[in-house]
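Engineer: One file: upload.txt (compact mmCIF, C-alpha atoms and all ligand atoms).
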```
# COMPACT_ATOMS: atom_id res chain seq x y z
CA MET C 1 -55.05 53.02 32.20
CA SER C 2 -53.28 51.28 35.08
CA ASP C 3 -49.88 49.66 34.75
CA ALA C 4 -51.54 46.29 35.05
CA SER C 5 -53.34 46.91 31.76
CA PRO C 6 -50.85 48.53 29.35
CA GLU C 7 -51.97 49.55 25.87
CA ARG C 8 -49.28 47.70 24.02
CA VAL C 9 -46.94 44.78 24.47
CA PRO C 10 -43.23 45.53 24.23
CA LEU C 11 -41.49 44.06 21.20
CA ARG C 12 -38.85 41.41 21.88
CA ALA C 13 -35.94 43.43 23.32
CA ASP C 14 -33.44 42.39 20.64
CA LEU C 15 -35.82 43.64 17.92
CA ALA C 16 -36.48 47.03 19.51
CA ASP C 17 -34.10 48.99 17.25
CA VAL C 18 -34.60 46.91 14.13
CA THR C 19 -35.79 48.53 10.90
CA PRO C 20 -37.87 46.09 8.84
CA TYR C 21 -35.66 44.77 6.07
CA GLY C 22 -36.45 45.24 2.41
CA ALA C 23 -35.20 47.07 -0.67
CA PRO C 24 -37.35 50.07 -1.65
CA GLN C 25 -40.20 49.45 -4.08
CA LEU C 26 -40.37 52.79 -5.88
CA ASP C 27 -42.39 53.63 -8.95
CA VAL C 28 -39.52 54.88 -11.13
CA PRO C 29 -38.83 54.18 -14.82
CA VAL C 30 -35.71 52.02 -14.34
CA ARG C 31 -35.70 49.61 -11.39
CA LEU C 32 -32.35 47.87 -11.12
CA ASN C 33 -32.19 47.22 -7.36
CA THR C 34 -33.51 43.71 -6.69
CA ASN C 35 -31.90 41.46 -9.32
CA GLU C 36 -35.02 40.13 -10.95
CA THR C 37 -34.94 39.20 -14.64
CA ALA C 38 -36.42 42.08 -16.63
CA ASP C 39 -38.33 39.83 -19.06
CA PRO C 40 -41.73 38.51 -17.96
CA PRO C 41 -42.51 34.77 -17.97
CA PRO C 42 -42.88 33.24 -21.45
CA PRO C 43 -46.10 33.94 -23.39
CA GLY C 44 -48.81 31.44 -22.58
CA TYR C 45 -47.45 30.58 -19.14
CA LEU C 46 -50.09 32.42 -17.10
CA ALA C 47 -52.86 31.15 -19.38
CA GLU C 48 -51.71 27.57 -18.80
CA VAL C 49 -51.53 28.12 -15.03
CA GLY C 50 -55.02 29.65 -15.16
CA HIS C 51 -56.26 26.61 -17.02
CA ARG C 52 -54.64 24.10 -14.67
CA ILE C 53 -55.82 25.70 -11.45
CA GLN C 54 -59.44 25.20 -12.50
CA ASP C 55 -59.13 21.62 -11.25
CA LEU C 56 -57.90 22.53 -7.77
CA GLU C 57 -60.02 21.76 -4.73
CA LEU C 58 -59.23 24.99 -2.93
CA ASN C 59 -61.59 24.16 -0.09
CA ARG C 60 -59.05 21.47 0.87
CA TYR C 61 -55.57 22.04 2.24
CA PRO C 62 -52.76 21.65 -0.33
CA ASP C 63 -50.55 18.57 -0.66
CA ARG C 64 -48.51 19.08 2.51
CA PRO C 65 -45.33 17.26 1.44
CA HIS C 66 -45.68 18.69 -2.12
CA THR C 67 -44.27 15.45 -3.44
CA ALA C 68 -45.07 15.98 -7.13
CA LEU C 69 -43.28 19.33 -7.08
CA ARG C 70 -40.28 17.89 -5.23
CA GLU C 71 -40.03 15.08 -7.81
CA ALA C 72 -40.13 17.61 -10.65
CA LEU C 73 -37.50 19.81 -8.96
CA GLY C 74 -35.11 16.92 -8.33
CA ALA C 75 -35.49 15.17 -11.70
CA PRO C 76 -33.13 17.43 -13.73
CA PHE C 77 -30.36 16.59 -11.24
CA GLY C 78 -31.13 12.87 -10.95
CA LEU C 79 -32.36 13.35 -7.37
CA GLY C 80 -35.54 11.84 -5.88
CA SER C 81 -38.13 13.76 -3.88
CA ASP C 82 -36.47 12.57 -0.64
CA GLN C 83 -33.53 14.88 -1.47
CA VAL C 84 -35.58 17.97 -2.30
CA TRP C 85 -37.46 20.47 -0.14
CA ALA C 86 -39.27 23.63 -1.26
CA ALA C 87 -40.44 26.75 0.56
CA ASN C 88 -41.71 30.28 -0.07
CA GLY C 89 -38.56 31.72 -1.62
CA SER C 90 -35.03 30.60 -0.83
CA ASN C 91 -35.11 33.05 2.08
CA GLU C 92 -37.62 30.74 3.73
CA VAL C 93 -35.45 27.72 2.87
CA LEU C 94 -32.54 29.42 4.66
CA LEU C 95 -34.79 30.39 7.57
CA GLN C 96 -35.97 26.81 7.98
CA LEU C 97 -32.36 25.57 7.93
CA LEU C 98 -31.46 27.96 10.75
CA GLN C 99 -34.62 27.02 12.66
CA ALA C 100 -33.55 23.40 12.42
CA TYR C 101 -29.78 23.67 12.86
CA GLY C 102 -29.22 27.12 14.39
CA GLY C 103 -30.40 28.59 17.68
CA PRO C 104 -28.80 30.24 20.73
CA ASP C 105 -26.29 27.47 21.42
CA ARG C 106 -25.17 27.12 17.81
CA ARG C 107 -23.00 29.25 15.50
CA LEU C 108 -23.46 30.43 11.91
CA VAL C 109 -20.47 31.52 9.85
CA THR C 110 -20.95 33.76 6.81
CA PHE C 111 -18.48 35.79 4.75
CA ARG C 112 -18.23 39.57 4.50
CA PRO C 113 -19.68 41.23 2.55
CA PRO C 114 -22.63 38.85 3.04
CA TYR C 115 -26.04 38.66 1.37
CA SER C 116 -27.99 41.13 3.51
CA MET C 117 -30.54 38.58 4.72
CA TYR C 118 -28.01 36.31 6.42
CA PRO C 119 -27.64 38.50 9.53
CA GLU C 120 -31.40 39.05 9.56
CA LEU C 121 -32.11 35.32 9.51
CA ALA C 122 -29.53 34.74 12.23
CA ARG C 123 -31.15 37.38 14.43
CA THR C 124 -34.66 36.06 13.89
CA THR C 125 -33.60 32.55 14.88
CA LEU C 126 -31.42 33.82 17.77
CA THR C 127 -28.38 32.21 16.16
CA PRO C 128 -24.99 33.78 16.95
CA VAL C 129 -23.25 34.69 13.70
CA THR C 130 -19.63 35.36 12.79
CA GLU C 131 -18.83 37.20 9.57
CA VAL C 132 -15.41 36.29 8.21
CA ASP C 133 -13.80 38.71 5.74
CA LEU C 134 -13.44 37.52 2.17
CA ASP C 135 -10.10 38.20 0.49
CA ALA C 136 -9.16 41.70 -0.69
CA ASP C 137 -10.79 41.00 -4.09
CA PHE C 138 -13.85 39.48 -2.34
CA SER C 139 -13.06 35.90 -3.32
CA LEU C 140 -13.32 32.92 -0.98
CA THR C 141 -9.94 31.24 -1.14
CA VAL C 142 -9.26 27.76 0.23
CA ASP C 143 -7.15 29.37 2.96
CA VAL C 144 -9.88 31.79 4.06
CA ALA C 145 -12.43 28.96 4.00
CA ALA C 146 -10.29 26.52 5.98
CA ASP C 147 -9.24 29.17 8.49
CA ALA C 148 -12.85 30.36 9.02
CA VAL C 149 -14.15 26.96 10.03
CA ALA C 150 -11.03 26.03 12.01
CA THR C 151 -11.22 29.25 14.03
CA HIS C 152 -14.97 29.49 14.63
CA ASP C 153 -16.09 25.83 14.63
CA PRO C 154 -19.53 26.64 13.15
CA ASP C 155 -22.64 24.46 13.13
CA VAL C 156 -23.87 26.06 9.92
CA VAL C 157 -22.06 27.93 7.12
CA PHE C 158 -23.88 30.08 4.55
CA VAL C 159 -21.95 30.90 1.41
CA ALA C 160 -23.49 32.41 -1.72
CA SER C 161 -22.14 31.43 -5.14
CA PRO C 162 -22.34 33.66 -7.07
CA ASN C 163 -21.91 35.89 -4.10
CA ASN C 164 -24.34 38.79 -3.61
CA PRO C 165 -23.52 41.74 -3.71
CA VAL C 166 -20.21 41.10 -5.50
CA GLY C 167 -21.11 38.46 -8.10
CA THR C 168 -18.04 36.24 -7.75
CA LEU C 169 -18.25 32.44 -7.79
CA VAL C 170 -16.98 30.21 -5.00
CA GLY C 171 -14.67 27.44 -6.20
CA HIS C 172 -15.40 23.81 -5.47
CA ASP C 173 -12.08 23.51 -3.67
CA ALA C 174 -13.19 26.17 -1.18
CA ILE C 175 -16.52 24.37 -0.64
CA ARG C 176 -14.63 21.13 -0.04
CA ALA C 177 -12.39 22.94 2.46
CA LEU C 178 -15.42 24.31 4.35
CA HIS C 179 -16.92 20.84 4.49
CA ASP C 180 -13.88 18.69 5.17
CA ARG C 181 -12.33 20.96 7.82
CA SER C 182 -15.57 21.27 9.82
CA ARG C 183 -18.51 19.39 11.24
CA ALA C 184 -20.96 22.02 9.93
CA LEU C 185 -23.86 22.02 7.55
CA ILE C 186 -22.46 23.79 4.46
CA VAL C 187 -25.20 25.69 2.68
CA VAL C 188 -24.26 26.92 -0.80
CA ASP C 189 -26.80 29.55 -1.82
CA GLU C 190 -27.07 29.36 -5.61
CA ALA C 191 -29.73 32.03 -6.13
CA TYR C 192 -27.88 33.32 -9.23
CA VAL C 193 -26.07 30.22 -10.48
CA GLU C 194 -28.12 29.92 -13.69
CA PHE C 195 -26.39 33.10 -14.93
CA ALA C 196 -22.93 31.57 -14.36
CA PRO C 197 -21.00 29.36 -16.78
CA ASP C 198 -21.98 25.67 -16.86
CA GLY C 199 -20.22 23.64 -14.20
CA ALA C 200 -20.35 26.38 -11.56
CA SER C 201 -23.00 24.66 -9.46
CA ALA C 202 -22.09 22.66 -6.36
CA ILE C 203 -24.89 20.16 -7.01
CA GLY C 204 -22.33 17.72 -8.43
CA LEU C 205 -20.63 17.68 -5.01
CA LEU C 206 -23.72 16.45 -3.13
CA GLU C 207 -22.73 12.82 -3.43
CA GLU C 208 -19.19 13.47 -2.23
CA LEU C 209 -20.00 15.87 0.65
CA PRO C 210 -22.69 14.49 3.00
CA ARG C 211 -23.27 17.75 4.92
CA LEU C 212 -23.67 19.90 1.79
CA VAL C 213 -26.95 21.69 1.04
CA VAL C 214 -27.55 23.63 -2.20
CA SER C 215 -30.34 26.20 -2.21
CA ARG C 216 -31.93 27.68 -5.33
CA THR C 217 -34.72 30.03 -6.29
CA PHE C 218 -37.29 30.79 -8.97
CA SER C 219 -36.90 34.53 -8.29
CA LYS C 220 -33.92 35.34 -10.51
CA ALA C 221 -33.12 33.52 -13.78
CA TYR C 222 -36.50 31.75 -13.61
CA ARG C 223 -38.30 35.12 -13.88
CA LEU C 224 -40.82 34.24 -11.16
CA ALA C 225 -39.91 36.53 -8.28
CA GLY C 226 -43.62 37.13 -7.76
CA LEU C 227 -44.26 33.43 -7.19
CA ARG C 228 -42.08 33.13 -4.06
CA LEU C 229 -40.56 29.70 -4.52
CA GLY C 230 -37.16 28.39 -3.49
CA TYR C 231 -35.85 24.90 -2.82
CA LEU C 232 -32.95 22.94 -1.46
CA LEU C 233 -31.15 19.82 -2.60
CA ALA C 234 -29.42 17.73 0.06
CA ARG C 235 -29.17 14.34 1.72
CA SER C 236 -32.56 13.00 2.81
CA TRP C 237 -31.84 13.54 6.53
CA VAL C 238 -31.79 17.29 5.93
CA VAL C 239 -35.19 17.06 4.23
CA ASP C 240 -36.50 15.04 7.19
CA ASP C 241 -35.06 17.52 9.68
CA VAL C 242 -36.51 20.70 8.13
CA GLN C 243 -39.95 19.14 8.30
CA THR C 244 -39.78 19.50 12.07
CA VAL C 245 -39.84 23.31 11.71
CA ARG C 246 -42.03 23.90 8.64
CA LEU C 247 -45.57 25.14 9.11
CA PRO C 248 -48.19 22.63 8.04
CA TYR C 249 -49.29 23.30 4.42
CA HIS C 250 -46.69 26.05 3.97
CA LEU C 251 -46.79 25.78 0.15
CA ASP C 252 -50.17 26.76 -1.24
CA ALA C 253 -51.87 24.71 -3.94
CA ILE C 254 -51.82 27.47 -6.59
CA LYS C 255 -48.08 27.91 -6.15
CA GLN C 256 -47.47 24.18 -6.46
CA VAL C 257 -49.32 24.09 -9.80
CA ALA C 258 -47.68 27.29 -11.05
CA ALA C 259 -44.23 25.88 -10.26
CA LEU C 260 -44.96 22.56 -11.97
CA VAL C 261 -46.07 24.38 -15.12
CA ALA C 262 -42.90 26.51 -15.02
CA LEU C 263 -40.73 23.41 -14.73
CA GLU C 264 -42.46 21.92 -17.76
CA GLN C 265 -41.52 25.09 -19.66
CA THR C 266 -37.94 25.35 -18.35
CA PRO C 267 -36.22 25.98 -21.73
CA ALA C 268 -38.60 28.88 -22.49
CA PHE C 269 -38.09 30.34 -19.00
CA LEU C 270 -34.31 30.20 -19.22
CA GLU C 271 -33.86 31.18 -22.89
CA HIS C 272 -32.78 34.70 -21.85
CA ARG C 273 -29.66 33.54 -20.03
CA GLU C 274 -27.15 34.17 -22.80
CA ARG C 275 -28.80 37.48 -23.63
CA THR C 276 -28.63 38.57 -20.01
CA ALA C 277 -25.00 37.48 -19.69
CA ALA C 278 -24.12 39.39 -22.87
CA GLU C 279 -25.82 42.52 -21.50
CA ARG C 280 -23.95 42.09 -18.21
CA ASP C 281 -20.66 41.90 -20.07
CA ARG C 282 -21.54 44.97 -22.15
CA VAL C 283 -22.39 47.04 -19.04
CA HIS C 284 -19.29 45.73 -17.30
CA ALA C 285 -17.07 46.74 -20.23
CA THR C 286 -18.57 50.25 -20.29
CA LEU C 287 -18.01 50.72 -16.57
CA ALA C 288 -14.53 49.19 -16.66
CA ALA C 289 -13.51 51.61 -19.43
CA ARG C 290 -13.88 54.57 -17.05
CA ALA C 291 -10.95 55.50 -14.83
CA ASP C 292 -13.33 56.87 -12.19
CA VAL C 293 -15.26 53.59 -11.74
CA GLU C 294 -14.08 50.36 -10.15
CA VAL C 295 -16.23 47.39 -11.16
CA TRP C 296 -16.03 43.77 -10.07
CA PRO C 297 -16.31 40.78 -12.41
CA SER C 298 -19.70 39.10 -12.01
CA ALA C 299 -21.12 35.67 -12.82
CA ALA C 300 -24.61 36.82 -11.82
CA ASN C 301 -27.17 39.28 -13.27
CA PHE C 302 -25.85 42.32 -11.42
CA LEU C 303 -22.67 44.37 -11.14
CA LEU C 304 -21.06 45.90 -8.06
CA PHE C 305 -19.18 49.12 -8.74
CA ARG C 306 -17.48 51.87 -6.76
CA THR C 307 -17.06 55.57 -7.39
CA ASP C 308 -16.00 58.59 -5.34
CA VAL C 309 -19.37 60.34 -5.79
CA ARG C 310 -20.93 60.39 -2.34
CA ASP C 311 -24.52 61.05 -3.42
CA LEU C 312 -24.49 58.90 -6.56
CA PHE C 313 -27.47 56.79 -5.42
CA ASP C 314 -29.62 59.92 -5.01
CA ARG C 315 -28.44 61.46 -8.26
CA LEU C 316 -29.24 58.30 -10.23
CA LEU C 317 -32.66 58.24 -8.58
CA GLU C 318 -33.26 61.87 -9.59
CA ARG C 319 -32.79 60.60 -13.14
CA GLY C 320 -35.28 57.77 -12.63
CA VAL C 321 -32.74 54.98 -12.07
CA LEU C 322 -33.03 52.95 -8.87
CA VAL C 323 -30.02 50.83 -7.91
CA ARG C 324 -28.97 49.26 -4.61
CA ASP C 325 -26.93 51.35 -2.20
CA PHE C 326 -24.14 49.60 -0.31
CA SER C 327 -22.01 52.72 0.01
CA ARG C 328 -22.19 52.91 3.81
CA GLN C 329 -21.64 49.23 4.51
CA PRO C 330 -18.43 47.74 5.89
CA ARG C 331 -15.91 47.03 3.12
CA LEU C 332 -18.25 48.50 0.49
CA THR C 333 -17.66 52.25 0.92
CA GLY C 334 -18.76 54.04 -2.24
CA CYS C 335 -20.29 50.90 -3.77
CA LEU C 336 -23.59 50.56 -5.59
CA ARG C 337 -25.04 47.46 -7.23
CA ALA C 338 -26.98 47.56 -10.48
CA THR C 339 -29.11 44.71 -11.79
CA VAL C 340 -28.71 43.89 -15.47
CA GLY C 341 -32.00 44.96 -17.07
CA THR C 342 -33.25 45.19 -20.63
CA PRO C 343 -30.86 46.84 -23.14
CA ALA C 344 -32.95 50.03 -22.90
CA GLU C 345 -32.81 50.02 -19.08
CA ASN C 346 -29.07 49.39 -19.12
CA ASP C 347 -28.60 52.25 -21.59
CA ALA C 348 -30.66 54.54 -19.34
CA PHE C 349 -28.50 53.56 -16.36
CA LEU C 350 -25.23 54.05 -18.27
CA THR C 351 -26.35 57.39 -19.71
CA ALA C 352 -27.40 58.70 -16.29
CA LEU C 353 -24.17 57.48 -14.68
CA THR C 354 -22.01 58.97 -17.43
CA GLU C 355 -23.76 62.33 -17.13
CA ILE C 356 -23.27 62.42 -13.37
CA LEU C 357 -19.64 61.33 -13.46
CA ASP C 358 -18.76 63.76 -16.27
CA ASP C 359 -20.55 66.51 -14.37
CA VAL C 360 -18.54 65.76 -11.23
CA ALA C 361 -15.32 65.67 -13.24
CA ASP C 362 -16.10 69.08 -14.81
CA PRO C 363 -14.50 71.77 -12.62
CA THR C 364 -16.88 74.44 -14.02
CA ALA C 365 -20.04 72.47 -13.11
CA ILE C 366 -22.33 73.71 -10.34
CA PRO C 367 -22.81 71.05 -7.65
CA SER C 368 -26.24 69.38 -7.54
CA THR C 369 -28.51 71.03 -4.96
CA SER C 370 -31.76 69.28 -5.79
CA PRO C 371 -33.54 67.76 -2.80
CA THR C 372 -33.09 64.07 -2.34
CA THR C 373 -35.89 61.76 -3.40
CA ALA C 374 -34.09 58.81 -1.92
CA PRO C 375 -35.79 56.61 0.64
CA THR C 376 -34.47 57.01 4.14
CA GLY C 377 -33.81 54.22 6.62
CA ALA C 378 -31.33 51.39 6.80
CA THR C 379 -32.15 49.71 3.48
CA ARG C 380 -31.87 51.62 0.21
N1 LIG C 401 -29.88 34.35 -1.74
C1 LIG C 401 -29.36 35.40 -2.36
C2 LIG C 401 -27.88 35.48 -2.50
C3 LIG C 401 -30.18 36.42 -2.84
O1 LIG C 401 -29.65 37.50 -3.43
C4 LIG C 401 -31.59 36.31 -2.69
C5 LIG C 401 -32.54 37.38 -3.16
N2 LIG C 401 -32.11 38.64 -3.20
C6 LIG C 401 -32.08 35.18 -2.03
C7 LIG C 401 -31.20 34.22 -1.58
C8 LIG C 401 -33.53 35.00 -1.72
O2 LIG C 401 -34.33 34.98 -2.81
P1 LIG C 401 -35.81 34.47 -2.76
O3 LIG C 401 -36.27 34.44 -1.33
O4 LIG C 401 -36.56 35.42 -3.60
O5 LIG C 401 -35.76 33.08 -3.33
```
Spit out the file's structure as structure tokens when you get a sec.
Ligand code: PMP

Structural biologist:
Amino acid sequence: MSDASPERVPLRADLADVTPYGAPQLDVPVRLNTNETADPPPPGYLAEVGHRIQDLELNRYPDRPHTALREALGAPFGLGSDQVWAANGSNEVLLQLLQAYGGPDRRLVTFRPPYSMYPELARTTLTPVTEVDLDADFSLTVDVAADAVATHDPDVVFVASPNNPVGTLVGHDAIRALHDRSRALIVVDEAYVEFAPDGASAIGLLEELPRLVVSRTFSKAYRLAGLRLGYLLARSWVVDDVQTVRLPYHLDAIKQVAALVALEQTPAFLEHRERTAAERDRVHATLAARADVEVWPSAANFLLFRTDVRDLFDRLLERGVLVRDFSRQPRLTGCLRATVGTPAENDAFLTALTEILDDVADPTAIPSTSPTTAPTGATR
């Protein structure tokens, strides 16, 4: 083969060393690594979706502006369809925002530790990104917020509330500071806000702060991670702008129906919230009671905790418990994150963790030599 006819095309240079992002999907008994709700959708939901999709004309493209769905998404907040936009998961919402407002001559500011997709989305859209350190306890104070935007003059700010991987909420005063001290689009990522106390959401600030965007998802409290649906709420100019970057017909017709049915059944979908929060608080209390575990308060459906056990991720996995490993990431040395699962799953996690920690603490114990079953690569 001559040089003029090579067998493959080189990948974009800035992607050459990139490992595809994604948490492992392992077939183990207790999967607590991706923050889904453990309970399936309410009984009857899939049957109703199955019934309603009979009427679809699948030979035709779906409703491109998905107006009925946008109306249904905005209604609980008193917002019209002109202030709502949906996409395939809130990751795609965030991607579209960076496609519209990011790019090589723009700047994104996020806070460290960030949700792991923020740097990925910045890279994909060629948007320079600055990660500003959260406070020592991982909170976003008004001072940190004001200083971040004053120093870096961003075009876009992504801030998750509750934050992932820590679980802490961002106060409205900090959101106001980000907005009022900058000219940026302030995107508050509320993927987990349904697990937080009432009043935590920034949606009430939309009228006051014209450059505020709130993004949400059906993947977490809404128990529909398999549906891939997220949405944003914002001023109508944001909704107009993202339409310049969306693919035509990006939301398929079956998804639009499935989401409408879910919205009709909202109370049934969200009835687990108090139960999940109670389980979170129970797991938190058990972890906090141990002197060899540091655990952060969480308003979400997961807990970040730190121990001194270097191979804890692998040892939990050997016992059939998959959590998320942050232990090698900046500022998160020794940290793992566990999703709140069913009571039985949480018990299995706590039992496995207790066994490992007690074993490590026992000076007569033989160190674990079993081979690792852990996935390799950047994301675990
Ligand atoms: N934001 C945060 C903070 C998340 O943790 C996640 C999912 N892990 C998302 C956004 C994206 O969720 P999805 O694309 O499933 O809506």

Engineer: Could you tell me how far atom CA of Pro248 of chain C lies from atom CA of Ala75 of chain C, in Å and to one decimal?

Structural biologist: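 Result for atom CA of Pro248 of chain C versus atom CA of Ala75 of chain C: 24.6 Å, one decimal.
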
Engineer: Mind pulling up the distance from atom CA of Gln96 of chain C to atom CA of Pro210 of chain C?

Structural biologist: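 Separation between atom CA of Pro210 of chain C and atom CA of Gln96 of chain C: 18.8 Å.
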
Engineer: Out of C:Ala23, C:Val28, C:Val170, C:Ala234, which residue has the shortest atom-to-atom distance to Gln83 of chain C when counting all atoms listed in the file?

Structural biologist: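 Closest candidate: C:Ala234.
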
Engineer: When you draw a straight line from atom CA of Phe302 of chain C to atom CA of Leu169 of chain C, how long is it in Å?

Structural biologist: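 Atom CA of Leu169 of chain C lies at a distance of 13.0 Å from atom CA of Phe302 of chain C.
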
Engineer: In terms of the shortest atom-to-atom distance over all atoms listed in the file, which of C:Asp55, C:Glu36, C:Glu274, C:Glu120 is closest to ligand LIG 401 (chain C)?

Structural biologist: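 Comparing C:Asp55, C:Glu36, C:Glu274, C:Glu120 against ligand LIG 401 (chain C), the winner is C:Glu36.
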
Engineer: Give me the residues near Tyr61 of chain C as a PyMOL selection string, where near means some atom within 8 Å (using all atoms listed in the file) and where sequence neighbours in that chain fewer than 6 positions away do not count.

Structural biologist: chain C and resi 249+252-253

Engineer: Let me make sure I understand: among C:Gly74, C:Gly22, C:Pro343, C:Pro43, which one has the smallest atom-to-atom distance to ligand LIG 401 (chain C) if we use all atoms listed in the file?

Structural biologist: C:Gly22

Engineer: Which is closer to Gly78 of chain C than all the others in C:Leu251, C:Val340, C:Ile203, C:Val239, using all atoms listed in the file?

Structural biologist: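 Using all atoms listed in the file, Gly78 of chain C sits closest to C:Ile203.
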
Engineer: Using only C-alpha atoms and all ligand atoms, which residue out of C:His272, C:Lys255, C:Arg216, C:His250 lies closest to ligand LIG 401 (chain C)?

Structural biologist: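 The shortest atom-to-atom distance to ligand LIG 401 (chain C) comes from C:Arg216.
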
Engineer: Assuming 5 Å of padding per side, give the centre and edge lengths of the axis-aligned box around every listed atom of ligand LIG 401 (chain C), in Å to one decimal and as AutoDock Vina command-line options.

Structural biologist:
```
--center_x -32.2 --center_y 35.9 --center_z -2.5 --size_x 18.7 --size_y 15.6 --size_z 12.3
```

Engineer: For the interface of chain C with ligand LIG 401 (chain C) (cut-off 7 Å, counting all atoms listed in the file), please tabulate each contacting residue of chain C alongside its nearest pair of atoms and their separation in Å to one decimal, rows sorted by chain and increasing number, as JSON lines.

Structural biologist:
```
{"residue": "C:Thr34", "atom": "CA", "partner": "C:LIG401", "partner_atom": "N2", "distance": 6.3}
{"residue": "C:Asn35", "atom": "CA", "partner": "C:LIG401", "partner_atom": "N2", "distance": 6.7}
{"residue": "C:Asn88", "atom": "CA", "partner": "C:LIG401", "partner_atom": "O3", "distance": 7.0}
{"residue": "C:Gly89", "atom": "CA", "partner": "C:LIG401", "partner_atom": "O5", "distance": 3.6}
{"residue": "C:Ser90", "atom": "CA", "partner": "C:LIG401", "partner_atom": "O5", "distance": 3.6}
{"residue": "C:Asn91", "atom": "CA", "partner": "C:LIG401", "partner_atom": "O3", "distance": 3.9}
{"residue": "C:Glu92", "atom": "CA", "partner": "C:LIG401", "partner_atom": "O3", "distance": 6.4}
{"residue": "C:Tyr115", "atom": "CA", "partner": "C:LIG401", "partner_atom": "C2", "distance": 5.3}
{"residue": "C:Ala160", "atom": "CA", "partner": "C:LIG401", "partner_atom": "C2", "distance": 5.4}
{"residue": "C:Asn163", "atom": "CA", "partner": "C:LIG401", "partner_atom": "C2", "distance": 6.2}
{"residue": "C:Asn164", "atom": "CA", "partner": "C:LIG401", "partner_atom": "C2", "distance": 5.0}
{"residue": "C:Asp189", "atom": "CA", "partner": "C:LIG401", "partner_atom": "N1", "distance": 5.7}
{"residue": "C:Glu190", "atom": "CA", "partner": "C:LIG401", "partner_atom": "N1", "distance": 6.9}
{"residue": "C:Ala191", "atom": "CA", "partner": "C:LIG401", "partner_atom": "N1", "distance": 5.0}
{"residue": "C:Arg216", "atom": "CA", "partner": "C:LIG401", "partner_atom": "O5", "distance": 6.9}
{"residue": "C:Thr217", "atom": "CA", "partner": "C:LIG401", "partner_atom": "O5", "distance": 4.4}
{"residue": "C:Phe218", "atom": "CA", "partner": "C:LIG401", "partner_atom": "O5", "distance": 6.3}
{"residue": "C:Ser219", "atom": "CA", "partner": "C:LIG401", "partner_atom": "O4", "distance": 4.8}
{"residue": "C:Ala225", "atom": "CA", "partner": "C:LIG401", "partner_atom": "O4", "distance": 5.9}
{"residue": "C:Arg228", "atom": "CA", "partner": "C:LIG401", "partner_atom": "O4", "distance": 6.0}
{"residue": "C:Leu229", "atom": "CA", "partner": "C:LIG401", "partner_atom": "O5", "distance": 6.0}
{"residue": "C:Gly230", "atom": "CA", "partner": "C:LIG401", "partner_atom": "O5", "distance": 4.9}
```

Engineer: May I ask which of the residues C:Gln99, C:Asn33, C:Ser215, C:Asn301 is the closest one to Leu336 of chain C, counting all atoms listed in the file?

Structural biologist: C:Asn33

Engineer: Within 12 Å of (-39.9, 39.8, -17.3) (coordinates as in the file), grab all the protein and nucleic acid residues, counting all atoms listed in the file, and write them out as a list of chain:residue names.

Structural biologist: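 It turns out the residues near that spot are C:Asn35, C:Glu36, C:Thr37, C:Ala38, C:Asp39, C:Pro40, C:Pro41, C:Pro42, C:Pro43, C:Ser219, C:Lys220, C:Ala221, C:Tyr222, C:Arg223, C:Leu224, C:Ala225, C:Gly226, C:Phe269, C:Leu270, C:Glu271, C:His272, C:Thr276, C:Gly341, C:Thr342.
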
Engineer: Tell me, as a list in words, which residues lie within 7 Å of segment 103-113 of chain C, counting all atoms listed in the file; anything in the same chain fewer than 5 positions away does not count.

Structural biologist: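 Listing them by chain and then by number gives Thr125, Leu126, Thr127, Pro128, Val129, Thr130, Glu131, Val132, Asp133, Leu134, Pro154, Asp155, Val156, Val157, Phe158, Val159 and Arg331 of chain C.
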
Engineer: Next, write the just-selected residues to a file, as a compact mmCIF listing (two decimals), keeping the file's coordinate frame, keeping C-alpha atoms as the atom set.

Structural biologist:
```
# COMPACT_ATOMS: atom_id res chain seq x y z
CA THR C 125 -33.60 32.55 14.88
CA LEU C 126 -31.42 33.82 17.77
CA THR C 127 -28.38 32.21 16.16
CA PRO C 128 -24.99 33.78 16.95
CA VAL C 129 -23.25 34.69 13.70
CA THR C 130 -19.63 35.36 12.79
CA GLU C 131 -18.83 37.20 9.57
CA VAL C 132 -15.41 36.29 8.21
CA ASP C 133 -13.80 38.71 5.74
CA LEU C 134 -13.44 37.52 2.17
CA PRO C 154 -19.53 26.64 13.15
CA ASP C 155 -22.64 24.46 13.13
CA VAL C 156 -23.87 26.06 9.92
CA VAL C 157 -22.06 27.93 7.12
CA PHE C 158 -23.88 30.08 4.55
CA VAL C 159 -21.95 30.90 1.41
CA ARG C 331 -15.91 47.03 3.12
```
